[in-house]
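The next block holds one structure in the form of structure tokens; read it before the comments.
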Number of protein chains: 2
Amino acid sequence: MGILVVGSVAFDSVKTPFGNKEDVLGGAATYFSIAASYFTDVSIIAVVGEDFPEKHVTFLRQKGVDLSGLERQKGNTFRWKGEYGVDLNTRTTLDTQLNVFADFSPKLLSSHRPKEYLFLGNIDPDLQRSVLEQMKGPKLVACDTMNYWIENKRESLLKTLSMVDLLVINDAETRELADEPNLIRAARLILTWGPKMLVIKRGEYGALMFSANSVFAVPAFPVEDVIDPTGAGDSFAGGLMGYLAAAGVHDDAAMRKAIVMGSVMASFTIMDFGPRVLGDLTYPEIESRYRAFRKISLFEDL
Amino acid sequence: MGILVVGSVAFDSVKTPFGNKEDVLGGAATYFSIAASYFTDVSIIAVVGEDFPEKHVTFLRQKGVDLSGLERQKGNTFRWKGEYGVDLNTRTTLDTQLNVFADFSPKLLSSHRPKEYLFLGNIDPDLQRSVLEQMKGPKLVACDTMNYWIENKRESLLKTLSMVDLLVINDAETRELADEPNLIRAARLILTWGPKMLVIKRGEYGALMFSANSVFAVPAFPVEDVIDPTGAGDSFAGGLMGYLAAAGVHDDAAMRKAIVMGSVMASFTIMDFGPRVLGDLTYPEIESRYRAFRKISLFEDL
């Protein structure tokens with residue numbers, strides 16, 4: 001039971017039109033695991049440096065996240081610095097210091113191998129496969145990727161894709177991966193490469209899902225006080241996978257609810273810098289936003 | 001009964017990644033009236049030049065559009081030339097020749113004044129009010145506008161807005177009009193200026209509606225063969241107003257269905273250059289896409 005997630009744990013320095021913060025807790029595995037923790041057990045495989053403070057470990061542990069796979073290496077933790085444009089839709093990376101993340105080699109403990117749900121965060125596709133190969137036949141394997149791997153490790157990425165059930169990427173990545181400007185054609189093409197389902201994240205515009213027999217489209221939950229979109233995509237993936245793991249099924253109806261749940265989790269993340277709002281939720285608050293989401297999306301038949 | 005629409009009838013020359021066409025029938029009133037014609041009676045107030053061919057008049061008349069308010073003036077018809085970027089989300093205007101549209105002064109016939117639904121297309125807000133003042137108390141007044149009027153005729157535009165029930169604009173216009181990057185805050189502000197409802201068009205990302213008591217969000221209908229987005233926004237408005245006029249009510253449930261109907265009509269328009277696909281529909285095809293739309297948007301309660 002439960003989810004294993006492999007990915008980054010980092011410090012983010014972020015500037016948005018609403019302020020800036022230095023060295024807040026970040027990273028894909030961080031946001032993913034906090035979001036998923038409301039639904040199921042989550043274990044992280046990641047690496048941090050000597051500068052990673054105990055308070056972050058305590059915070060994640062209090063969320064119930066299993067950190068037995070969080071390696072601590074000599075050196076500094078991965079650092080990312082970025083700035084968002086006025087409408088928060090454009091992001092510029094100002095600085096990336098991989099630090100200990102540069103030599104990350106994910107090692108699973110025996111307790112990790114039987115996990116039924118695996119999320120391969122945005123890392124080298126070679127490493128994604130090395131994790132997958134250490135698992136004992138998971139029930140559902142999902143992965144993320146980014147333009148860097150699409151451009152520089154395409155062959156390896158395609159090999160990884162042939163082994164996963166679900167690909168969760170954004171719209172620009174979908175177009176680039178398929179080399180096709182039309183998102184639907186791009187999605188159809190990617191589905192011939194292995195993944196049975198493709199979920200496309202579109203930020204403030206919502207999400208799309210494509211599978212052999214179904215298309216699902218949802219807007220994003222409209223949030224009045226968007227402060228910082230960092231981590232929204234990873235919170236989305238965490239909510240999605242968390243919901244699926246708790247449900248124990250991933251048929252079309254469950255996938256749709258899982259995508260909405262992912263959107264719900266992302267809508268909390270963007271309300272502040274870092275993962276504090278996401279981390280401070282109660283399950284009734286999550287349920288209540290899911291229901292509000294349904295209310296804003298419903299329309300009757302003719 | 002029925003709708004009166006005032007706006008442009010034009011020739012468009014459009015280049016997209018999928019081809020280009022010169023001098024196809026275009027203009028906001030054109031797309032609006034064809035889309036609305038499937039639901040109710042539509043009358044156009046517009047102006048064309050001596051170069052406007054009889055075949056276009058015949059085409060619109062065959063759609064049941066009342067052209068008694070289509071003036072023919074000495075000179076040439078309004079011409080617009082534009083080019084779309086590779087993902088069709090960005091548009092560059094290459095040339096605008098207002099021609100007879102420059103001196104357009106909308107004059108209503110006595111048959112136009114009792115129309116219950118009025119759509120003030122994107123023209124000078126002074127002219128929008130002059131049309132509104134010629135009407136005999138319409139049941140629902142909607143309007144569109146654009147960045148040019150927001151920047152150059154703000155006072156007049158605000159006066160028009162204070163007199164309309166429904167404003168239908170895109171997201172960039174919403175942000176610019178309210179001078180507020182957050183769309184929800186922008187919408188809330190604009191609602192204090194007069195309109196009881198604001199519908200925000202987001203192109204391939206769908207639409208949002210805000211009123212005092214309700215928020216509604218829908219994605220766009222995913223279309224595989226997008227050829228030319230020109231006229232999508234006007235077809236959306238036409239489908240929306242057409243549906244409302246046929247329903248005879250504009251409560252929250254009707255507004256939601258009307259917005260989906262607008263999205264349906266827009267999803268046909270973008271399948272080719274010009275309004276031919278939009279003009280060649282049958283009502284069962286429209287109903288069928290509405291139902292497909294519901295299918296791709298539905299998700300269950302928790």
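How things are named: the first chain in the structure tokens is A, the next is B, and so on; residues count from 1 in each chain; ligands count from 1 in the order shown.
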Contact set, chain B to chain A: 10 Å, only C-alpha atoms, as a PDB file with N, CA and C atoms, in the first residue's frame:
```pdb
ATOM      1  N   PRO B  17      -0.664  28.533 -39.161  1.00  0.00           N
ATOM      2  CA  PRO B  17       0.310  27.503 -39.541  1.00  0.00           C
ATOM      3  C   PRO B  17      -0.265  26.488 -40.533  1.00  0.00           C
ATOM      4  N   VAL B  86       2.362  29.665 -33.935  1.00  0.00           N
ATOM      5  CA  VAL B  86       2.326  28.216 -34.154  1.00  0.00           C
ATOM      6  C   VAL B  86       1.291  27.486 -33.285  1.00  0.00           C
ATOM      7  N   ASP B  87       1.081  27.953 -32.042  1.00  0.00           N
ATOM      8  CA  ASP B  87       0.074  27.267 -31.231  1.00  0.00           C
ATOM      9  C   ASP B  87      -1.284  27.978 -31.278  1.00  0.00           C
ATOM     10  N   LEU B  88      -1.426  28.952 -32.144  1.00  0.00           N
ATOM     11  CA  LEU B  88      -2.684  29.664 -32.416  1.00  0.00           C
ATOM     12  C   LEU B  88      -3.160  30.540 -31.255  1.00  0.00           C
ATOM     13  N   ALA B 172      -7.327  39.112 -21.325  1.00  0.00           N
ATOM     14  CA  ALA B 172      -6.401  40.253 -21.362  1.00  0.00           C
ATOM     15  C   ALA B 172      -7.177  41.562 -21.216  1.00  0.00           C
ATOM     16  N   ARG B 175      -8.244  42.071 -17.569  1.00  0.00           N
ATOM     17  CA  ARG B 175      -7.135  42.556 -16.743  1.00  0.00           C
ATOM     18  C   ARG B 175      -6.847  44.027 -17.031  1.00  0.00           C
ATOM     19  N   GLU B 180      -5.823  45.158 -13.131  1.00  0.00           N
ATOM     20  CA  GLU B 180      -5.627  44.200 -12.039  1.00  0.00           C
ATOM     21  C   GLU B 180      -5.255  42.848 -12.658  1.00  0.00           C
ATOM     22  N   PRO B 181      -4.057  42.333 -12.318  1.00  0.00           N
ATOM     23  CA  PRO B 181      -3.625  41.081 -12.953  1.00  0.00           C
ATOM     24  C   PRO B 181      -4.427  39.846 -12.539  1.00  0.00           C
ATOM     25  N   ASN B 182      -4.949  39.818 -11.316  1.00  0.00           N
ATOM     26  CA  ASN B 182      -5.743  38.659 -10.898  1.00  0.00           C
ATOM     27  C   ASN B 182      -7.144  38.751 -11.505  1.00  0.00           C
ATOM     28  N   LEU B 183      -7.487  37.720 -12.281  1.00  0.00           N
ATOM     29  CA  LEU B 183      -8.715  37.737 -13.061  1.00  0.00           C
ATOM     30  C   LEU B 183      -9.965  37.811 -12.185  1.00  0.00           C
ATOM     31  N   ILE B 184      -9.924  37.173 -11.044  1.00  0.00           N
ATOM     32  CA  ILE B 184     -11.105  37.127 -10.182  1.00  0.00           C
ATOM     33  C   ILE B 184     -11.329  38.487  -9.521  1.00  0.00           C
ATOM     34  N   ARG B 185     -10.237  39.081  -9.039  1.00  0.00           N
ATOM     35  CA  ARG B 185     -10.353  40.432  -8.491  1.00  0.00           C
ATOM     36  C   ARG B 185     -10.807  41.404  -9.570  1.00  0.00           C
ATOM     37  N   ALA B 186     -10.246  41.240 -10.762  1.00  0.00           N
ATOM     38  CA  ALA B 186     -10.609  42.113 -11.883  1.00  0.00           C
ATOM     39  C   ALA B 186     -12.108  41.990 -12.168  1.00  0.00           C
ATOM     40  N   ARG B 188     -14.519  40.945 -10.154  1.00  0.00           N
ATOM     41  CA  ARG B 188     -15.317  41.507  -9.045  1.00  0.00           C
ATOM     42  C   ARG B 188     -15.410  43.031  -9.163  1.00  0.00           C
ATOM     43  N   ARG B 202     -11.524  32.803 -22.932  1.00  0.00           N
ATOM     44  CA  ARG B 202     -10.097  32.466 -22.798  1.00  0.00           C
ATOM     45  C   ARG B 202      -9.595  31.595 -23.939  1.00  0.00           C
ATOM     46  N   GLU B 204      -8.596  28.827 -26.300  1.00  0.00           N
ATOM     47  CA  GLU B 204      -8.504  27.364 -26.149  1.00  0.00           C
ATOM     48  C   GLU B 204      -8.593  26.917 -24.697  1.00  0.00           C
ATOM     49  N   TYR B 205      -8.605  27.888 -23.763  1.00  0.00           N
ATOM     50  CA  TYR B 205      -8.681  27.523 -22.354  1.00  0.00           C
ATOM     51  C   TYR B 205     -10.092  27.623 -21.784  1.00  0.00           C
ATOM     52  N   GLY B 206     -11.070  27.992 -22.623  1.00  0.00           N
ATOM     53  CA  GLY B 206     -12.438  27.969 -22.138  1.00  0.00           C
ATOM     54  C   GLY B 206     -12.985  29.325 -21.758  1.00  0.00           C
ATOM     55  N   ALA B 207     -13.878  29.340 -20.772  1.00  0.00           N
ATOM     56  CA  ALA B 207     -14.562  30.571 -20.393  1.00  0.00           C
ATOM     57  C   ALA B 207     -14.880  30.572 -18.906  1.00  0.00           C
ATOM     58  N   LEU B 208     -15.038  31.772 -18.379  1.00  0.00           N
ATOM     59  CA  LEU B 208     -15.392  31.965 -16.977  1.00  0.00           C
ATOM     60  C   LEU B 208     -16.582  32.902 -16.907  1.00  0.00           C
ATOM     61  N   MET B 209     -17.477  32.685 -15.961  1.00  0.00           N
ATOM     62  CA  MET B 209     -18.554  33.639 -15.728  1.00  0.00           C
ATOM     63  C   MET B 209     -18.545  34.072 -14.273  1.00  0.00           C
ATOM     64  N   SER B 214     -22.442  33.857  -8.202  1.00  0.00           N
ATOM     65  CA  SER B 214     -22.018  32.631  -8.856  1.00  0.00           C
ATOM     66  C   SER B 214     -20.720  32.802  -9.629  1.00  0.00           C
ATOM     67  N   VAL B 215     -19.956  31.737  -9.639  1.00  0.00           N
ATOM     68  CA  VAL B 215     -18.796  31.640 -10.517  1.00  0.00           C
ATOM     69  C   VAL B 215     -18.981  30.358 -11.309  1.00  0.00           C
ATOM     70  N   PHE B 216     -18.702  30.427 -12.593  1.00  0.00           N
ATOM     71  CA  PHE B 216     -18.805  29.252 -13.452  1.00  0.00           C
ATOM     72  C   PHE B 216     -17.551  29.178 -14.307  1.00  0.00           C
ATOM     73  N   ALA B 217     -16.970  28.009 -14.408  1.00  0.00           N
ATOM     74  CA  ALA B 217     -15.764  27.842 -15.215  1.00  0.00           C
ATOM     75  C   ALA B 217     -15.911  26.613 -16.096  1.00  0.00           C
ATOM     76  N   VAL B 218     -15.625  26.772 -17.374  1.00  0.00           N
ATOM     77  CA  VAL B 218     -15.606  25.623 -18.301  1.00  0.00           C
ATOM     78  C   VAL B 218     -14.352  25.650 -19.147  1.00  0.00           C
ATOM     79  N   PRO B 219     -13.831  24.459 -19.458  1.00  0.00           N
ATOM     80  CA  PRO B 219     -12.751  24.386 -20.440  1.00  0.00           C
ATOM     81  C   PRO B 219     -13.339  24.608 -21.833  1.00  0.00           C
ATOM     82  N   ALA B 220     -12.486  24.717 -22.832  1.00  0.00           N
ATOM     83  CA  ALA B 220     -12.980  24.739 -24.211  1.00  0.00           C
ATOM     84  C   ALA B 220     -13.191  23.302 -24.666  1.00  0.00           C
ATOM     85  N   PHE B 221     -14.029  23.130 -25.663  1.00  0.00           N
ATOM     86  CA  PHE B 221     -14.187  21.802 -26.251  1.00  0.00           C
ATOM     87  C   PHE B 221     -12.910  21.485 -27.026  1.00  0.00           C
ATOM     88  N   PRO B 222     -12.251  20.352 -26.716  1.00  0.00           N
ATOM     89  CA  PRO B 222     -10.974  20.063 -27.401  1.00  0.00           C
ATOM     90  C   PRO B 222     -11.208  19.695 -28.869  1.00  0.00           C
ATOM     91  N   VAL B 223     -10.594  20.445 -29.753  1.00  0.00           N
ATOM     92  CA  VAL B 223     -10.777  20.238 -31.195  1.00  0.00           C
ATOM     93  C   VAL B 223      -9.446  19.816 -31.813  1.00  0.00           C
ATOM     94  N   GLU B 224      -9.494  18.721 -32.549  1.00  0.00           N
ATOM     95  CA  GLU B 224      -8.273  18.151 -33.112  1.00  0.00           C
ATOM     96  C   GLU B 224      -7.797  18.928 -34.335  1.00  0.00           C
ATOM     97  N   ASP B 225      -8.739  19.434 -35.113  1.00  0.00           N
ATOM     98  CA  ASP B 225      -8.354  20.083 -36.362  1.00  0.00           C
ATOM     99  C   ASP B 225      -8.618  21.578 -36.317  1.00  0.00           C
ATOM    100  N   VAL B 226      -7.841  22.264 -35.506  1.00  0.00           N
ATOM    101  CA  VAL B 226      -8.002  23.717 -35.437  1.00  0.00           C
ATOM    102  C   VAL B 226      -7.250  24.306 -36.625  1.00  0.00           C
ATOM    103  N   ASP B 252     -28.999  31.694 -13.495  1.00  0.00           N
ATOM    104  CA  ASP B 252     -27.674  31.057 -13.432  1.00  0.00           C
ATOM    105  C   ASP B 252     -27.609  29.770 -14.262  1.00  0.00           C
ATOM    106  N   ALA B 253     -28.625  28.926 -14.156  1.00  0.00           N
ATOM    107  CA  ALA B 253     -28.603  27.655 -14.902  1.00  0.00           C
ATOM    108  C   ALA B 253     -28.614  27.906 -16.408  1.00  0.00           C
ATOM    109  N   ALA B 254     -29.417  28.874 -16.843  1.00  0.00           N
ATOM    110  CA  ALA B 254     -29.489  29.185 -18.276  1.00  0.00           C
ATOM    111  C   ALA B 254     -28.177  29.792 -18.756  1.00  0.00           C
ATOM    112  N   MET B 255     -27.582  30.659 -17.939  1.00  0.00           N
ATOM    113  CA  MET B 255     -26.304  31.274 -18.309  1.00  0.00           C
ATOM    114  C   MET B 255     -25.234  30.201 -18.511  1.00  0.00           C
ATOM    115  N   ARG B 256     -25.198  29.220 -17.604  1.00  0.00           N
ATOM    116  CA  ARG B 256     -24.189  28.159 -17.729  1.00  0.00           C
ATOM    117  C   ARG B 256     -24.372  27.376 -19.030  1.00  0.00           C
ATOM    118  N   LYS B 257     -25.619  27.014 -19.317  1.00  0.00           N
ATOM    119  CA  LYS B 257     -25.875  26.281 -20.559  1.00  0.00           C
ATOM    120  C   LYS B 257     -25.547  27.150 -21.774  1.00  0.00           C
ATOM    121  N   ALA B 258     -25.849  28.439 -21.661  1.00  0.00           N
ATOM    122  CA  ALA B 258     -25.593  29.357 -22.774  1.00  0.00           C
ATOM    123  C   ALA B 258     -24.090  29.490 -23.044  1.00  0.00           C
ATOM    124  N   ILE B 259     -23.306  29.510 -21.979  1.00  0.00           N
ATOM    125  CA  ILE B 259     -21.846  29.615 -22.139  1.00  0.00           C
ATOM    126  C   ILE B 259     -21.292  28.349 -22.796  1.00  0.00           C
ATOM    127  N   VAL B 260     -21.818  27.203 -22.394  1.00  0.00           N
ATOM    128  CA  VAL B 260     -21.387  25.959 -23.032  1.00  0.00           C
ATOM    129  C   VAL B 260     -21.804  25.978 -24.504  1.00  0.00           C
ATOM    130  N   MET B 261     -23.026  26.482 -24.780  1.00  0.00           N
ATOM    131  CA  MET B 261     -23.474  26.555 -26.164  1.00  0.00           C
ATOM    132  C   MET B 261     -22.578  27.496 -26.971  1.00  0.00           C
ATOM    133  N   GLU B 287     -26.490  19.960 -30.954  1.00  0.00           N
ATOM    134  CA  GLU B 287     -26.898  19.235 -29.740  1.00  0.00           C
ATOM    135  C   GLU B 287     -25.918  18.130 -29.402  1.00  0.00           C
ATOM    136  N   TYR B 290     -22.838  19.518 -27.847  1.00  0.00           N
ATOM    137  CA  TYR B 290     -23.147  19.949 -26.475  1.00  0.00           C
ATOM    138  C   TYR B 290     -23.085  18.744 -25.530  1.00  0.00           C
ATOM    139  N   ARG B 291     -23.664  17.620 -25.980  1.00  0.00           N
ATOM    140  CA  ARG B 291     -23.675  16.421 -25.133  1.00  0.00           C
ATOM    141  C   ARG B 291     -22.261  15.853 -24.984  1.00  0.00           C
ATOM    142  N   ALA B 292     -21.470  15.907 -26.061  1.00  0.00           N
ATOM    143  CA  ALA B 292     -20.076  15.447 -25.982  1.00  0.00           C
ATOM    144  C   ALA B 292     -19.308  16.332 -24.995  1.00  0.00           C
ATOM    145  N   PHE B 293     -19.627  17.613 -25.005  1.00  0.00           N
ATOM    146  CA  PHE B 293     -18.996  18.577 -24.099  1.00  0.00           C
ATOM    147  C   PHE B 293     -19.281  18.190 -22.659  1.00  0.00           C
ATOM    148  N   ARG B 294     -20.529  17.842 -22.392  1.00  0.00           N
ATOM    149  CA  ARG B 294     -20.888  17.428 -21.031  1.00  0.00           C
ATOM    150  C   ARG B 294     -20.121  16.177 -20.633  1.00  0.00           C
ATOM    151  N   LYS B 295     -19.986  15.284 -21.570  1.00  0.00           N
ATOM    152  CA  LYS B 295     -19.290  14.030 -21.289  1.00  0.00           C
ATOM    153  C   LYS B 295     -17.825  14.266 -20.927  1.00  0.00           C
ATOM    154  N   ILE B 296     -17.168  15.181 -21.606  1.00  0.00           N
ATOM    155  CA  ILE B 296     -15.749  15.410 -21.297  1.00  0.00           C
ATOM    156  C   ILE B 296     -15.562  16.256 -20.033  1.00  0.00           C
ATOM    157  N   SER B 297     -16.651  16.864 -19.525  1.00  0.00           N
ATOM    158  CA  SER B 297     -16.497  17.745 -18.355  1.00  0.00           C
ATOM    159  C   SER B 297     -17.009  17.149 -17.058  1.00  0.00           C
ATOM    160  N   LEU B 298     -17.719  16.035 -17.131  1.00  0.00           N
ATOM    161  CA  LEU B 298     -18.380  15.515 -15.931  1.00  0.00           C
ATOM    162  C   LEU B 298     -17.414  14.823 -14.975  1.00  0.00           C
ATOM    163  N   PHE B 299     -17.615  15.067 -13.684  1.00  0.00           N
ATOM    164  CA  PHE B 299     -16.943  14.248 -12.669  1.00  0.00           C
ATOM    165  C   PHE B 299     -17.876  14.131 -11.478  1.00  0.00           C
ATOM    166  N   GLU B 300     -17.716  13.027 -10.750  1.00  0.00           N
ATOM    167  CA  GLU B 300     -18.651  12.720  -9.669  1.00  0.00           C
ATOM    168  C   GLU B 300     -18.299  13.436  -8.378  1.00  0.00           C
ATOM    169  N   ASP B 301     -19.290  13.469  -7.492  1.00  0.00           N
ATOM    170  CA  ASP B 301     -19.043  13.975  -6.144  1.00  0.00           C
ATOM    171  C   ASP B 301     -18.155  12.962  -5.403  1.00  0.00           C
ATOM    172  N   LEU B 302     -17.543  13.403  -4.320  1.00  0.00           N
ATOM    173  CA  LEU B 302     -16.653  12.521  -3.544  1.00  0.00           C
ATOM    174  C   LEU B 302     -17.412  11.326  -2.966  1.00  0.00           C
TER     175      LEU B 302
END
```
Next on the checklist: as a PyMOL selection string, please: every residue in stretch 233-302 of chain B that DSSP puts in alpha helix (DSSP H).
Outcome noted: chain B and resi 233-247+252-269+276-279+283-297
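Excluding A:Leu109 itself and same-chain residues fewer than 4 positions from it, the residues having an atom within 10 Å of it are A:Ile45, A:Ser68, A:Gly69, A:Arg113, A:Gln134, counting only C-alpha atoms.
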For the residues selected in the previous step, produce a file with all heavy atoms as a compact mmCIF listing (two decimals), in the first residue's frame.
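Heads up, here's the output in out18.txt:
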```txt
# COMPACT_ATOMS: atom_id res chain seq x y z
N ILE A 45 12.00 9.21 -1.85
CA ILE A 45 13.39 8.92 -2.17
C ILE A 45 13.98 10.22 -2.71
O ILE A 45 13.57 10.70 -3.78
CB ILE A 45 13.53 7.83 -3.27
CG1 ILE A 45 12.80 6.56 -2.88
CG2 ILE A 45 15.00 7.56 -3.59
CD1 ILE A 45 13.50 5.73 -1.83
N SER A 68 12.58 7.65 5.44
CA SER A 68 13.67 6.68 5.54
C SER A 68 14.53 6.66 4.27
O SER A 68 15.69 6.27 4.30
CB SER A 68 13.12 5.28 5.83
OG SER A 68 12.25 4.87 4.79
N GLY A 69 13.96 7.13 3.16
CA GLY A 69 14.71 7.18 1.90
C GLY A 69 15.29 8.56 1.61
O GLY A 69 15.71 8.82 0.48
N ARG A 113 10.15 -1.27 -1.84
CA ARG A 113 9.92 -2.05 -3.07
C ARG A 113 8.50 -2.54 -3.26
O ARG A 113 8.02 -2.63 -4.39
CB ARG A 113 10.89 -3.26 -3.11
CG ARG A 113 12.34 -2.83 -3.17
CD ARG A 113 13.30 -4.02 -3.14
NE ARG A 113 14.56 -3.66 -2.55
CZ ARG A 113 15.59 -3.15 -3.24
NH1 ARG A 113 15.49 -2.97 -4.53
NH2 ARG A 113 16.70 -2.81 -2.63
N GLN A 134 13.75 -1.41 -9.53
CA GLN A 134 13.93 -1.89 -8.16
C GLN A 134 12.59 -2.25 -7.49
O GLN A 134 12.57 -2.78 -6.38
CB GLN A 134 14.66 -0.83 -7.32
CG GLN A 134 16.10 -0.54 -7.76
CD GLN A 134 16.73 0.61 -6.97
OE1 GLN A 134 16.86 0.54 -5.75
NE2 GLN A 134 17.09 1.68 -7.66
```
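Those residues that approach B:Asn20 to within 10 Å, counting only C-alpha atoms, are Ser13, Val14, Gly82, Glu83, Ile227, Asp228 and Phe273 of chain B; same-chain residues fewer than 6 positions away are not listed.
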With stretch 241-246 of chain A as the partner and 12 Å as the cut-off, tabulate the residues of stretch 41-72 of chain A that qualify, each row holding the nearest pair of atoms and their distance in Å to one decimal, using only C-alpha atoms, sorted by chain and rising number, as CSV.
```
residue,atom,partner,partner_atom,distance
A:Asp41,CA,A:Gly242,CA,8.4
A:Val42,CA,A:Gly242,CA,8.4
A:Ser43,CA,A:Gly242,CA,11.8
```
Any chance you could export the current selection's all heavy atoms as a PDB file, in the first residue's frame?
```
ATOM      1  N   ASP A  41      -0.327   6.731   2.736  1.00  0.00           N
ATOM      2  CA  ASP A  41       1.078   6.747   3.163  1.00  0.00           C
ATOM      3  C   ASP A  41       1.971   7.141   1.988  1.00  0.00           C
ATOM      4  O   ASP A  41       1.785   6.646   0.878  1.00  0.00           O
ATOM      5  CB  ASP A  41       1.512   5.345   3.615  1.00  0.00           C
ATOM      6  CG  ASP A  41       0.741   4.898   4.846  1.00  0.00           C
ATOM      7  OD1 ASP A  41       0.251   5.778   5.580  1.00  0.00           O
ATOM      8  OD2 ASP A  41       0.615   3.679   5.057  1.00  0.00           O
ATOM      9  N   VAL A  42       2.953   7.977   2.268  1.00  0.00           N
ATOM     10  CA  VAL A  42       3.881   8.391   1.215  1.00  0.00           C
ATOM     11  C   VAL A  42       5.304   8.237   1.714  1.00  0.00           C
ATOM     12  O   VAL A  42       5.628   8.649   2.830  1.00  0.00           O
ATOM     13  CB  VAL A  42       3.714   9.882   0.846  1.00  0.00           C
ATOM     14  CG1 VAL A  42       4.374  10.175  -0.502  1.00  0.00           C
ATOM     15  CG2 VAL A  42       2.282  10.314   0.847  1.00  0.00           C
ATOM     16  N   SER A  43       6.159   7.665   0.874  1.00  0.00           N
ATOM     17  CA  SER A  43       7.586   7.573   1.167  1.00  0.00           C
ATOM     18  C   SER A  43       8.357   8.328   0.094  1.00  0.00           C
ATOM     19  O   SER A  43       8.042   8.225  -1.093  1.00  0.00           O
ATOM     20  CB  SER A  43       8.040   6.112   1.162  1.00  0.00           C
ATOM     21  OG  SER A  43       7.277   5.361   2.096  1.00  0.00           O
TER      22      SER A  43
END
```
Checklist outcome for this item: If you count only C-alpha atoms, the residue of B:Leu140, B:Thr145, B:Thr230, B:Pro284 closest to B:Ile270 turns out to be B:Thr230
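In this comparison, which uses only C-alpha atoms, the residue of B:Pro106, B:Gly262, B:Gly7, B:Pro125 approaching B:Ala29 most closely is B:Gly7.
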Checklist entry - stretch 12-190 of chain A: which residues are strand (DSSP E) by DSSP, as a VMD selection string? => result chain A and resid 12 to 16 19 to 26 42 to 48 65 to 72 78 to 84 91 to 97 117 to 120 140 to 143 166 to 170
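Reported to one decimal place, the separation of atom CA of A:Ile44 from atom CA of A:Val5 is 5.1 Å.
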